[in-house]
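Just below is one structure, and these are the notes that go with it.
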Amino acid sequence: MKRIELKNLKYSYGKNQILKSINYQFYSGELIGILGANGCGKSTLLKIMMGFLKMEDGQIYLDEKKQEEFSILDFSKKVSFITQKSNQNINFNVLELLKLGRVPHIKNNFKGLDESDYKVVKEVIDELQLQSYLDREVTSLSGGEFQKILLGRAFIQKGEVIFLDEPTSALDMNHSLELLAILSKKIKEDKLIGVIVIHDINLASLFCDKILFIKDGIIKYSGSPEKVIKEDILKDVYGFDPKILETKDGIFVLPKKERL
């Protein structure tokens with residue numbers, strides 16, 4: 001899978017049409033940020049792409065194959081998902097949680113993981129330097145540590161697509177930067193497709209290759225951060241007057257002084 005294509009995707013909650021006509025193509029090696037005001041349909045779109053919600057109309061293609069033609073097992077081999085509200089109150093240690101990433105690939109349900117599975121697990125543990133966490137109970141982790149472990153589990157799953165729904169919403173700035181730096185690097189190195197719903201415009205500008213702004217049920221603006229993080233666009237999408245600072249390290253968005 002090297003491409004995801006959305007064609008005329010529509011979705012309504014009752015009589016309220018949230019997504020009117022969504023068209024876009026996602027490619028490998030890119031982290032795409034989905035942004036917009038609260039209630040615009042960002043997370044709804046991601047849940048439809050994950051198959052958690054059934055679209056009202058339209059079609060989703062994973063390469064040339066319709067999403068609906070994948071079995072649950074085959075889909076789980078290709079796609080992983082990290083949410084902002086994952087249940088941390090589970091009776092697992094970190095190693096057990098990481099090993100769950102290999103479940104879709106188990107060849108023999110009676111034997112469980114084989115040598116090749118354990119090799120993948122070890123590679124990701126080494127890559128993310130998770131050795132000191134392995135024996136810890138999941139409930140003992142901080143929010144930032146837990147999200148890093150979930151990211152490791154997604155890497156262990158070895159899919160071609162990673163969907164993320166506001167994974168940094170409960171994290172401090174240091175953990176947010178670490179998480180997104182690891183994610184961005186992995187997407188580039190392994191030619192994955194990354195799709196992230198994120199509220200923080202500044203984080204999106206630092207790590208996303210492209211940004212989609214959803215408004216009025218459509219992707220109203222799309223492009224590189226430099227192209228779409230503009231004062232007139234942000235005012236249209238969010239309804240506030242922003243001040244944009246462009247530096248050698250990136251683009252930073254602030255409210256204008258009268259709003260401080």
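All residue names refer to the structure tokens as shown: chains lettered A, B, ... in order, residues numbered from 1 in each chain, ligands numbered from 1 in order.
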
Within 9 Å of A:His105, counting only C-alpha atoms, which residues qualify if same-chain residues fewer than 6 places away don't, as a count of residues only?
-> 5

Write out as JSON lines a residue-level contact list of stretch 106-216 of chain A versus stretch 222-243 of chain A with cut-off 7 Å: for each qualifying residue the closest pair of atoms and the distance in Å to one decimal, counting only C-alpha atoms, rows sorted by chain and residue number upward.
```
{"residue": "A:Ser205", "atom": "CA", "partner": "A:Pro225", "partner_atom": "CA", "distance": 5.2}
{"residue": "A:Asp209", "atom": "CA", "partner": "A:Ser224", "partner_atom": "CA", "distance": 5.9}
{"residue": "A:Lys210", "atom": "CA", "partner": "A:Ser224", "partner_atom": "CA", "distance": 4.3}
{"residue": "A:Ile211", "atom": "CA", "partner": "A:Ser222", "partner_atom": "CA", "distance": 5.6}
{"residue": "A:Leu212", "atom": "CA", "partner": "A:Ser222", "partner_atom": "CA", "distance": 4.5}
{"residue": "A:Phe213", "atom": "CA", "partner": "A:Ser222", "partner_atom": "CA", "distance": 6.3}
{"residue": "A:Lys215", "atom": "CA", "partner": "A:Val237", "partner_atom": "CA", "distance": 6.4}
```

Interface rows for stretch 5-74 of chain A against stretch 93-104 of chain A: nearest pair, Å to one decimal, 12 Å, only C-alpha atoms, as JSON lines:
```
{"residue": "A:Ser71", "atom": "CA", "partner": "A:Pro104", "partner_atom": "CA", "distance": 11.5}
{"residue": "A:Ile72", "atom": "CA", "partner": "A:Pro104", "partner_atom": "CA", "distance": 9.3}
{"residue": "A:Leu73", "atom": "CA", "partner": "A:Pro104", "partner_atom": "CA", "distance": 6.1}
{"residue": "A:Asp74", "atom": "CA", "partner": "A:Pro104", "partner_atom": "CA", "distance": 7.9}
```

Could you find all residues in stretch 52-225 of chain A that DSSP calls strand (DSSP E or B) from the backbone, and write them as a PyMOL selection string?
-> chain A and resi 57-62+65-66+79-83+93+108+112+137+161-165+193-197+210-215+218-223

Sorted by chain and rising residue number, list the residues of stretch 67-161 of chain A at most 12 Å from stretch 2-11 of chain A (counting only C-alpha atoms), each with its closest atom pair and distance in Å to one decimal, as JSON lines.
```
{"residue": "A:Gln67", "atom": "CA", "partner": "A:Ile4", "partner_atom": "CA", "distance": 9.4}
{"residue": "A:Lys78", "atom": "CA", "partner": "A:Lys2", "partner_atom": "CA", "distance": 10.7}
{"residue": "A:Val79", "atom": "CA", "partner": "A:Ile4", "partner_atom": "CA", "distance": 11.2}
{"residue": "A:Gly159", "atom": "CA", "partner": "A:Lys2", "partner_atom": "CA", "distance": 11.2}
{"residue": "A:Glu160", "atom": "CA", "partner": "A:Lys2", "partner_atom": "CA", "distance": 7.6}
{"residue": "A:Val161", "atom": "CA", "partner": "A:Lys2", "partner_atom": "CA", "distance": 8.8}
```

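You can rank A:Phe92, A:Lys107, A:Leu31, A:Phe26 by their closest distance to A:Arg136 using only C-alpha atoms, and at the top of that list sits A:Phe92.
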
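Distances from A:Thr44, A:Ser184, A:Gln147, A:Gln84 to A:Tyr13 were compared using only C-alpha atoms, and the smallest one belongs to A:Thr44.
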
Write down as a compact mmCIF listing (two decimals) with N, CA and C atoms, in the first residue's frame the residues belonging to stretch 80-220 of chain A that are assigned alpha helix (DSSP H) by DSSP computed on the backbone.
```
# COMPACT_ATOMS: atom_id res chain seq x y z
N VAL A 94 4.76 -3.58 30.14
CA VAL A 94 5.06 -2.93 28.86
C VAL A 94 5.41 -3.93 27.78
N LEU A 95 6.20 -4.93 28.10
CA LEU A 95 6.59 -5.92 27.09
C LEU A 95 5.36 -6.64 26.55
N GLU A 96 4.43 -7.00 27.42
CA GLU A 96 3.21 -7.68 26.98
C GLU A 96 2.39 -6.79 26.05
N LEU A 97 2.33 -5.50 26.37
CA LEU A 97 1.59 -4.57 25.53
C LEU A 97 2.26 -4.42 24.16
N LEU A 98 3.57 -4.33 24.15
CA LEU A 98 4.29 -4.21 22.88
C LEU A 98 4.07 -5.43 21.99
N LYS A 99 4.08 -6.61 22.59
CA LYS A 99 3.93 -7.85 21.83
C LYS A 99 2.57 -7.96 21.15
N GLU A 115 9.79 -16.86 16.18
CA GLU A 115 11.10 -16.20 16.23
C GLU A 115 11.13 -14.90 15.44
N SER A 116 10.47 -14.88 14.28
CA SER A 116 10.46 -13.66 13.46
C SER A 116 9.69 -12.54 14.16
N ASP A 117 8.63 -12.89 14.90
CA ASP A 117 7.87 -11.88 15.64
C ASP A 117 8.72 -11.27 16.74
N TYR A 118 9.41 -12.11 17.48
CA TYR A 118 10.25 -11.61 18.57
C TYR A 118 11.39 -10.75 18.03
N LYS A 119 11.85 -11.06 16.85
CA LYS A 119 12.89 -10.24 16.24
C LYS A 119 12.40 -8.83 15.97
N VAL A 120 11.17 -8.71 15.46
CA VAL A 120 10.58 -7.39 15.21
C VAL A 120 10.41 -6.63 16.52
N VAL A 121 9.91 -7.30 17.55
CA VAL A 121 9.72 -6.67 18.85
C VAL A 121 11.04 -6.14 19.38
N LYS A 122 12.09 -6.94 19.32
CA LYS A 122 13.40 -6.51 19.82
C LYS A 122 13.94 -5.33 19.04
N GLU A 123 13.76 -5.33 17.72
CA GLU A 123 14.26 -4.24 16.89
C GLU A 123 13.63 -2.91 17.30
N VAL A 124 12.33 -2.92 17.56
CA VAL A 124 11.65 -1.67 17.94
C VAL A 124 12.03 -1.26 19.35
N ILE A 125 12.16 -2.23 20.26
CA ILE A 125 12.61 -1.91 21.61
C ILE A 125 13.97 -1.22 21.57
N ASP A 126 14.87 -1.75 20.76
CA ASP A 126 16.20 -1.15 20.64
C ASP A 126 16.12 0.22 19.96
N GLU A 127 15.30 0.31 18.94
CA GLU A 127 15.18 1.57 18.18
C GLU A 127 14.69 2.70 19.06
N LEU A 128 13.69 2.42 19.91
CA LEU A 128 13.09 3.46 20.75
C LEU A 128 13.69 3.49 22.15
N GLY A 143 1.72 9.80 31.18
CA GLY A 143 1.03 9.93 29.90
C GLY A 143 1.98 9.91 28.72
N GLY A 144 3.10 10.61 28.85
CA GLY A 144 4.07 10.66 27.77
C GLY A 144 4.74 9.32 27.53
N GLU A 145 5.06 8.62 28.61
CA GLU A 145 5.66 7.29 28.48
C GLU A 145 4.69 6.32 27.82
N PHE A 146 3.43 6.40 28.22
CA PHE A 146 2.42 5.50 27.67
C PHE A 146 2.24 5.72 26.17
N GLN A 147 2.19 6.97 25.73
CA GLN A 147 2.03 7.25 24.30
C GLN A 147 3.24 6.76 23.51
N LYS A 148 4.42 6.85 24.11
CA LYS A 148 5.62 6.35 23.44
C LYS A 148 5.55 4.83 23.28
N ILE A 149 5.03 4.14 24.29
CA ILE A 149 4.87 2.69 24.21
C ILE A 149 3.85 2.33 23.14
N LEU A 150 2.75 3.08 23.06
CA LEU A 150 1.75 2.82 22.03
C LEU A 150 2.32 3.05 20.63
N LEU A 151 3.20 4.04 20.51
CA LEU A 151 3.86 4.27 19.23
C LEU A 151 4.76 3.09 18.89
N GLY A 152 5.46 2.57 19.90
CA GLY A 152 6.28 1.38 19.69
C GLY A 152 5.44 0.19 19.25
N ARG A 153 4.29 0.01 19.88
CA ARG A 153 3.40 -1.09 19.48
C ARG A 153 2.96 -0.94 18.03
N ALA A 154 2.68 0.30 17.62
CA ALA A 154 2.29 0.55 16.22
C ALA A 154 3.43 0.20 15.27
N PHE A 155 4.66 0.53 15.65
CA PHE A 155 5.82 0.18 14.81
C PHE A 155 5.99 -1.34 14.73
N ILE A 156 5.75 -2.01 15.85
CA ILE A 156 5.87 -3.47 15.89
C ILE A 156 4.81 -4.12 15.01
N GLN A 157 3.69 -3.48 14.87
CA GLN A 157 2.61 -4.01 14.01
C GLN A 157 3.04 -4.07 12.55
N MET A 173 4.98 19.77 26.48
CA MET A 173 5.67 20.11 25.24
C MET A 173 6.84 19.18 24.95
N ASN A 174 7.61 18.82 25.98
CA ASN A 174 8.78 17.98 25.78
C ASN A 174 8.38 16.62 25.23
N HIS A 175 7.36 15.98 25.84
CA HIS A 175 6.92 14.67 25.36
C HIS A 175 6.26 14.78 23.99
N SER A 176 5.56 15.88 23.73
CA SER A 176 4.95 16.07 22.42
C SER A 176 6.00 16.15 21.32
N LEU A 177 7.04 16.92 21.57
CA LEU A 177 8.12 17.06 20.59
C LEU A 177 8.83 15.73 20.36
N GLU A 178 9.08 14.99 21.45
CA GLU A 178 9.75 13.71 21.32
C GLU A 178 8.91 12.73 20.50
N LEU A 179 7.63 12.64 20.83
CA LEU A 179 6.74 11.70 20.16
C LEU A 179 6.65 11.99 18.66
N LEU A 180 6.45 13.26 18.32
CA LEU A 180 6.27 13.60 16.90
C LEU A 180 7.58 13.51 16.13
N ALA A 181 8.70 13.76 16.79
CA ALA A 181 9.99 13.61 16.12
C ALA A 181 10.24 12.14 15.78
N ILE A 182 9.94 11.24 16.71
CA ILE A 182 10.10 9.81 16.46
C ILE A 182 9.18 9.38 15.32
N LEU A 183 7.93 9.82 15.38
CA LEU A 183 6.94 9.47 14.35
C LEU A 183 7.37 9.95 12.97
N SER A 184 7.74 11.21 12.87
CA SER A 184 8.12 11.80 11.59
C SER A 184 9.33 11.08 10.98
N LYS A 185 10.31 10.78 11.82
CA LYS A 185 11.52 10.09 11.36
C LYS A 185 11.17 8.69 10.82
N LYS A 186 10.33 7.97 11.53
CA LYS A 186 9.95 6.62 11.12
C LYS A 186 9.19 6.63 9.80
N ILE A 187 8.29 7.58 9.65
CA ILE A 187 7.50 7.68 8.41
C ILE A 187 8.41 7.92 7.21
N LYS A 188 9.43 8.76 7.39
CA LYS A 188 10.36 9.04 6.29
C LYS A 188 11.22 7.80 5.98
N GLU A 189 11.77 7.20 7.02
CA GLU A 189 12.70 6.09 6.83
C GLU A 189 12.03 4.85 6.24
N ASP A 190 10.82 4.55 6.72
CA ASP A 190 10.14 3.32 6.30
C ASP A 190 9.08 3.56 5.23
N ILE A 201 -1.38 24.00 16.10
CA ILE A 201 -0.92 24.45 14.78
C ILE A 201 0.61 24.51 14.73
N ASN A 202 1.22 24.90 15.85
CA ASN A 202 2.68 25.02 15.87
C ASN A 202 3.35 23.66 15.73
N LEU A 203 2.84 22.66 16.43
CA LEU A 203 3.40 21.31 16.29
C LEU A 203 3.18 20.79 14.87
N ALA A 204 2.01 21.06 14.32
CA ALA A 204 1.73 20.63 12.95
C ALA A 204 2.71 21.27 11.97
N SER A 205 3.02 22.54 12.18
CA SER A 205 3.93 23.24 11.27
C SER A 205 5.34 22.67 11.35
N LEU A 206 5.71 22.16 12.52
CA LEU A 206 7.06 21.63 12.71
C LEU A 206 7.24 20.23 12.12
N PHE A 207 6.19 19.41 12.17
CA PHE A 207 6.37 17.99 11.86
C PHE A 207 5.55 17.48 10.67
```

Of A:Leu46, A:Ile162, A:Cys40, A:Ile106, the one nearest to A:Ile214 when counting only C-alpha atoms is A:Cys40

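For the set A:Gly41, A:Gly51, A:Leu171, A:Asn108, the residue with the smallest atom-to-atom gap to A:Glu69 is A:Gly51, counting only C-alpha atoms.
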
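Going from atom CA of A:Ser80 over to atom CA of A:Glu137, you cover 22.6 Å.
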
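For the pair atom CA of A:Phe75 and atom CA of A:Leu62, the separation is 9.7 Å.
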
Separation of atom CA of A:Val197 from atom CA of A:Val253 in Å = 17.8 Å

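Distances here use only C-alpha atoms; by that measure, the residue among A:Asn16, A:Gln25, A:Thr247, A:Thr83 closest to A:Ser43 is A:Thr83.
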
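Considering the residues A:Leu19, A:Glu64, A:Ile82, A:Asn38 and counting only C-alpha atoms, A:Glu166 has its shortest atom-to-atom contact with A:Ile82.
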